[in-house]
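Here's the structure we're looking at; comments come further down.
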Amino acid sequence: MLDMRHQIQSDLQEIRGSAPAGLSAPLSPMGAPVADAAALHGGQGGAGGFADSLRAAVQSVDEKEQIAAGKMADVDSGRSDDLVGAMLSSQEASLSFSMLMQVRNKVMGAVDELMKLPV
């Protein structure tokens with residue numbers, strides 16, 4: 001249970017972009033520093049983890065928003081008359097963002113519940 005809690009905390013710190021001074025290196029289940037993250041995550045190496053999946057989802061939502069903004073700008077400036085396509089792209093970006101926020105809320109709720117568990 002402690003190992004899972006540490007993995008979640010390290011993923012959250014990776015998402016935030018900086019780790020506190022005391023947790024810069026991952027810890028083994030016994031609390032000793034591990035030389036690399038692959039040893040901690042079962043030897044998966046750079047196969048991707050939760051932080052990578054979340055980062056990819058955020059980038060995908062951002063890309064959809066940029067595409068929608070470009071299409072709306074084209075319609076506004078008269079370069080395109082595809083108002084329906086622009087509106088559909090805008091709605092797709094909006095739904096993607098809403099879904100990402102729902103996933104974020106569920107993950108944060110799960111992390112809060114895990115933190116409340118007795119060790």
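FYI, nothing fancy with the structure tokens labels: chains A, B, ... in order, residues from 1 per chain, ligands from 1 as they appear.
Secondary structure from DSSP on the backbone puts alpha helix (DSSP H) at the following positions of stretch 75-104 of chain A: Val75, Asp76, Ser77, Leu83, Val84, Gly85, Ala86, Met87, Leu88, Ser89, Ser90, Gln91, Glu92, Ala93, Ser94, Leu95, Ser96, Phe97, Ser98, Met99, Leu100, Met101, Gln102, Val103 and Arg104 of chain A.
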Any chance you could export the current selection's C-alpha atoms as a compact mmCIF listing (two decimals), in the first residue's frame?
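This went into out_1.txt:
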```txt
# COMPACT_ATOMS: atom_id res chain seq x y z
CA VAL A 75 -14.60 31.82 -40.81
CA ASP A 76 -14.34 35.20 -39.05
CA SER A 77 -11.85 36.56 -41.57
CA LEU A 83 -19.27 27.59 -40.36
CA VAL A 84 -20.70 24.14 -39.60
CA GLY A 85 -17.21 22.56 -39.59
CA ALA A 86 -15.90 25.33 -37.35
CA MET A 87 -18.78 24.88 -34.91
CA LEU A 88 -18.34 21.11 -34.88
CA SER A 89 -14.61 21.51 -34.15
CA SER A 90 -15.43 23.96 -31.39
CA GLN A 91 -17.93 21.56 -29.83
CA GLU A 92 -15.47 18.67 -30.12
CA ALA A 93 -12.80 20.72 -28.34
CA SER A 94 -15.29 21.73 -25.66
CA LEU A 95 -16.41 18.13 -25.05
CA SER A 96 -12.80 16.94 -24.96
CA PHE A 97 -11.97 19.55 -22.35
CA SER A 98 -15.03 18.62 -20.28
CA MET A 99 -14.09 14.96 -20.42
CA LEU A 100 -10.51 15.74 -19.39
CA MET A 101 -11.80 17.74 -16.41
CA GLN A 102 -14.07 14.87 -15.36
CA VAL A 103 -11.14 12.44 -15.51
CA ARG A 104 -9.03 14.88 -13.51
```
Between atom CA of A:Ile15 and atom CA of A:Leu117, distance in Å (one decimal):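 So the answer is 22.7 Å.
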Length of the atom CA of A:Ala51 to atom CA of A:Ala69 vector [Å]: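 If I compute the distance from atom CA of A:Ala51 to atom CA of A:Ala69, I get 26.8 Å.
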Between atom CA of A:Ser80 and atom CA of A:Glu65, distance in Å (one decimal): 17.9 Å
